[in-house]
Amino acid sequence: MDSAPLSPGPGEVDDAKVVVGWREWVALPQADVAWVKAKIDTGAKSSSIHAFDLEAHQQDGQEWVRFSIHPWQRSDEDHVELSLPVLDMREVRSSNGQVEKRYAVALDVTLAGRTITTVMTLSNRDEMGFRMLIGREALERGFLVDSSISYAGGRPRRAVRRKNWGK
């Protein structure tokens with residue numbers, strides 16, 4: 001009796017997986033943000049977003065965190081405020097080796113046309129090249145990374161991209 005393999009072999013692509021590049025434009029539906037440029041980072045376990053003005057508070061007996069984000073990489077314009085339940089506090093080791101405690105929240109992210117809810121840590125990424133990282137925990141939900149391409153999921157029109165450049 002022949003049986004089909006449970007997963008694709010080397011060099012084959014699972015039809016259920018969406019191919020993304022090393023950088024992508026994503027949307028944040030809960031924040032009503034249509035475009036944020038994100039680095040797809042298979043070296044990072046969790047995803048992270050640039051967040052500032054963090055303020056913890058209690059709501060219905062649970063800890064919540066209120067914070068703001070800047071969706072544009074080189075701009076402080078158009079900040080968006082969010083308030084979400086805290087899932088936990090995570091110790092995250094940054095790329096320079098420092099360990100930092102961060103709030104972790106569940107956030108909806110639309111990547112290459114697929115919306116998933118993923119754990120996102122809140123961090124000051126102001127000095128980083130990307131305001132958002134998408135890590136392995138999110139990518140394991142049906143994405144395949146092709147590091148030779150960018151923006152496989154599409155990108156906004158030029159005027160939106162220029163705003164991200166700070167112009």
# chains A, B, ... in the order shown; residues from 1 in each chain; ligands from 1
$ residues_around --residues "Trp64 of chain A" --least-positions-apart "5" --cutoff "12 Å" --atoms "only C-alpha atoms" --output "count of residues only"
18
$ closest_residue --among "A:Ser68, A:Gly142, A:Arg136, A:Ser123" --to "Val99 of chain A" --atoms "only C-alpha atoms"
A:Ser123
$ residues_around --residues "Ala44 of chain A" --least-positions-apart "5" --cutoff "10 Å" --atoms "only C-alpha atoms" --output "PyMOL selection string"
chain A and resi 92-95+133-137
$ select_by_dssp --residues "segment 41-105 of chain A" --states "strand (DSSP E or B)" --output "PDB file with C-alpha atoms, in the first residue's frame"
ATOM      1  CA  SER A  47       7.821  38.438  17.495  1.00  0.00           C
ATOM      2  CA  SER A  48       8.402  41.979  18.674  1.00  0.00           C
ATOM      3  CA  ILE A  49       7.015  45.421  17.959  1.00  0.00           C
ATOM      4  CA  HIS A  50       8.333  48.883  18.767  1.00  0.00           C
ATOM      5  CA  PHE A  52       6.558  53.190  23.900  1.00  0.00           C
ATOM      6  CA  ASP A  53       4.674  54.924  26.715  1.00  0.00           C
ATOM      7  CA  LEU A  54       3.934  51.540  28.295  1.00  0.00           C
ATOM      8  CA  GLU A  55       1.547  51.734  31.228  1.00  0.00           C
ATOM      9  CA  ALA A  56       0.296  48.664  33.101  1.00  0.00           C
ATOM     10  CA  HIS A  57      -3.197  48.742  34.632  1.00  0.00           C
ATOM     11  CA  GLN A  58      -5.809  46.377  36.028  1.00  0.00           C
ATOM     12  CA  GLN A  59      -8.998  45.686  34.113  1.00  0.00           C
ATOM     13  CA  GLN A  62      -6.420  41.042  34.891  1.00  0.00           C
ATOM     14  CA  GLU A  63      -3.255  42.961  34.093  1.00  0.00           C
ATOM     15  CA  TRP A  64      -3.413  44.983  30.894  1.00  0.00           C
ATOM     16  CA  VAL A  65      -0.836  47.186  29.220  1.00  0.00           C
ATOM     17  CA  ARG A  66      -1.540  50.431  27.393  1.00  0.00           C
ATOM     18  CA  PHE A  67       1.098  51.405  24.832  1.00  0.00           C
ATOM     19  CA  SER A  68       1.694  53.345  21.647  1.00  0.00           C
ATOM     20  CA  ILE A  69       3.309  52.306  18.397  1.00  0.00           C
ATOM     21  CA  VAL A  80      -1.436  54.507  17.495  1.00  0.00           C
ATOM     22  CA  GLU A  81      -2.514  53.631  21.048  1.00  0.00           C
ATOM     23  CA  LEU A  82      -3.497  50.110  22.056  1.00  0.00           C
ATOM     24  CA  SER A  83      -4.563  48.471  25.289  1.00  0.00           C
ATOM     25  CA  LEU A  84      -4.280  44.682  25.496  1.00  0.00           C
ATOM     26  CA  PRO A  85      -4.283  42.002  28.194  1.00  0.00           C
ATOM     27  CA  ASP A  88       3.057  37.224  30.578  1.00  0.00           C
ATOM     28  CA  MET A  89       6.395  38.885  31.134  1.00  0.00           C
ATOM     29  CA  ARG A  90       9.155  37.278  29.078  1.00  0.00           C
ATOM     30  CA  GLU A  91      12.884  37.436  29.381  1.00  0.00           C
ATOM     31  CA  VAL A  92      14.128  38.079  25.872  1.00  0.00           C
ATOM     32  CA  ARG A  93      17.762  38.008  24.797  1.00  0.00           C
ATOM     33  CA  VAL A  99      18.437  40.043  28.541  1.00  0.00           C
ATOM     34  CA  GLU A 100      15.394  42.258  28.933  1.00  0.00           C
ATOM     35  CA  LYS A 101      11.999  41.640  30.590  1.00  0.00           C
ATOM     36  CA  ARG A 102       9.187  42.487  28.203  1.00  0.00           C
ATOM     37  CA  TYR A 103       5.415  42.473  28.238  1.00  0.00           C
ATOM     38  CA  ALA A 104       3.941  39.841  25.918  1.00  0.00           C
ATOM     39  CA  VAL A 105       0.507  40.406  24.352  1.00  0.00           C
TER      40      VAL A 105
END
$ closest_residue --among "A:Pro71, A:Gly154, A:Gly61, A:Gly113" --to "Lys17 of chain A" --atoms "only C-alpha atoms"
A:Gly113
$ residues_around --residues "Phe130 of chain A" --least-positions-apart "3" --cutoff "8 Å" --atoms "only C-alpha atoms" --output "PyMOL selection string"
chain A and resi 37-39+73+125+133
$ write_last_selection --atoms "N, CA and C atoms" --output "PDB file, in the first residue's frame"
ATOM      1  N   LYS A  37       6.271  47.845   8.105  1.00  0.00           N
ATOM      2  CA  LYS A  37       7.335  47.036   7.511  1.00  0.00           C
ATOM      3  C   LYS A  37       7.938  46.157   8.610  1.00  0.00           C
ATOM      4  N   ALA A  38       8.037  44.869   8.344  1.00  0.00           N
ATOM      5  CA  ALA A  38       8.529  43.922   9.340  1.00  0.00           C
ATOM      6  C   ALA A  38       9.680  43.101   8.771  1.00  0.00           C
ATOM      7  N   LYS A  39      10.623  42.791   9.636  1.00  0.00           N
ATOM      8  CA  LYS A  39      11.702  41.862   9.273  1.00  0.00           C
ATOM      9  C   LYS A  39      11.240  40.470   9.666  1.00  0.00           C
ATOM     10  N   GLN A  73       8.849  53.539   9.930  1.00  0.00           N
ATOM     11  CA  GLN A  73      10.212  53.284  10.392  1.00  0.00           C
ATOM     12  C   GLN A  73      10.988  54.527  10.774  1.00  0.00           C
ATOM     13  N   ARG A 125      12.227  49.636  19.902  1.00  0.00           N
ATOM     14  CA  ARG A 125      12.982  49.312  18.695  1.00  0.00           C
ATOM     15  C   ARG A 125      13.268  50.576  17.890  1.00  0.00           C
ATOM     16  N   LEU A 133       9.497  42.760  14.289  1.00  0.00           N
ATOM     17  CA  LEU A 133      10.106  41.479  13.910  1.00  0.00           C
ATOM     18  C   LEU A 133       9.021  40.414  13.962  1.00  0.00           C
TER      19      LEU A 133
END
$ residues_around --residues "Ser147 of chain A" --least-positions-apart "5" --cutoff "12 Å" --atoms "only C-alpha atoms" --output "JSON list (two decimals) with C-alpha atoms, in the first residue's frame"
[["chain", "number", "residue", "atom", "x", "y", "z"],
["A", 19, "VAL", "CA", 5.88, 31.93, 1.06],
["A", 20, "VAL", "CA", 7.22, 35.17, 2.54],
["A", 21, "GLY", "CA", 10.46, 37.03, 1.98],
["A", 22, "TRP", "CA", 13.06, 38.23, 4.50],
["A", 23, "ARG", "CA", 11.12, 41.50, 4.87],
["A", 24, "GLU", "CA", 7.41, 42.04, 4.41],
["A", 39, "LYS", "CA", 11.70, 41.86, 9.27],
["A", 40, "ILE", "CA", 11.04, 38.15, 9.04],
["A", 41, "ASP", "CA", 13.50, 36.75, 11.57],
["A", 42, "THR", "CA", 13.89, 32.99, 11.80],
["A", 152, "ALA", "CA", 6.31, 38.30, -1.47]]
$ residues_around --residues "segment 25-35 of chain A" --least-positions-apart "6" --cutoff "7 Å" --atoms "only C-alpha atoms" --output "list in words"
Val80, Leu82, Asp108, Val109, Thr110, Leu111, Tyr151 and Arg155 of chain A
$ atom_distance --atom1 "atom CA of Ala16 of chain A" --atom2 "atom CA of Thr115 of chain A"
14.1 Å
$ atom_distance --atom1 "atom CA of Leu107 of chain A" --atom2 "atom CA of Arg141 of chain A"
14.1 Å
$ closest_residue --among "A:Ala112, A:Ala159, A:Ala51, A:Ile149" --to "Met132 of chain A" --atoms "only C-alpha atoms"
A:Ala51
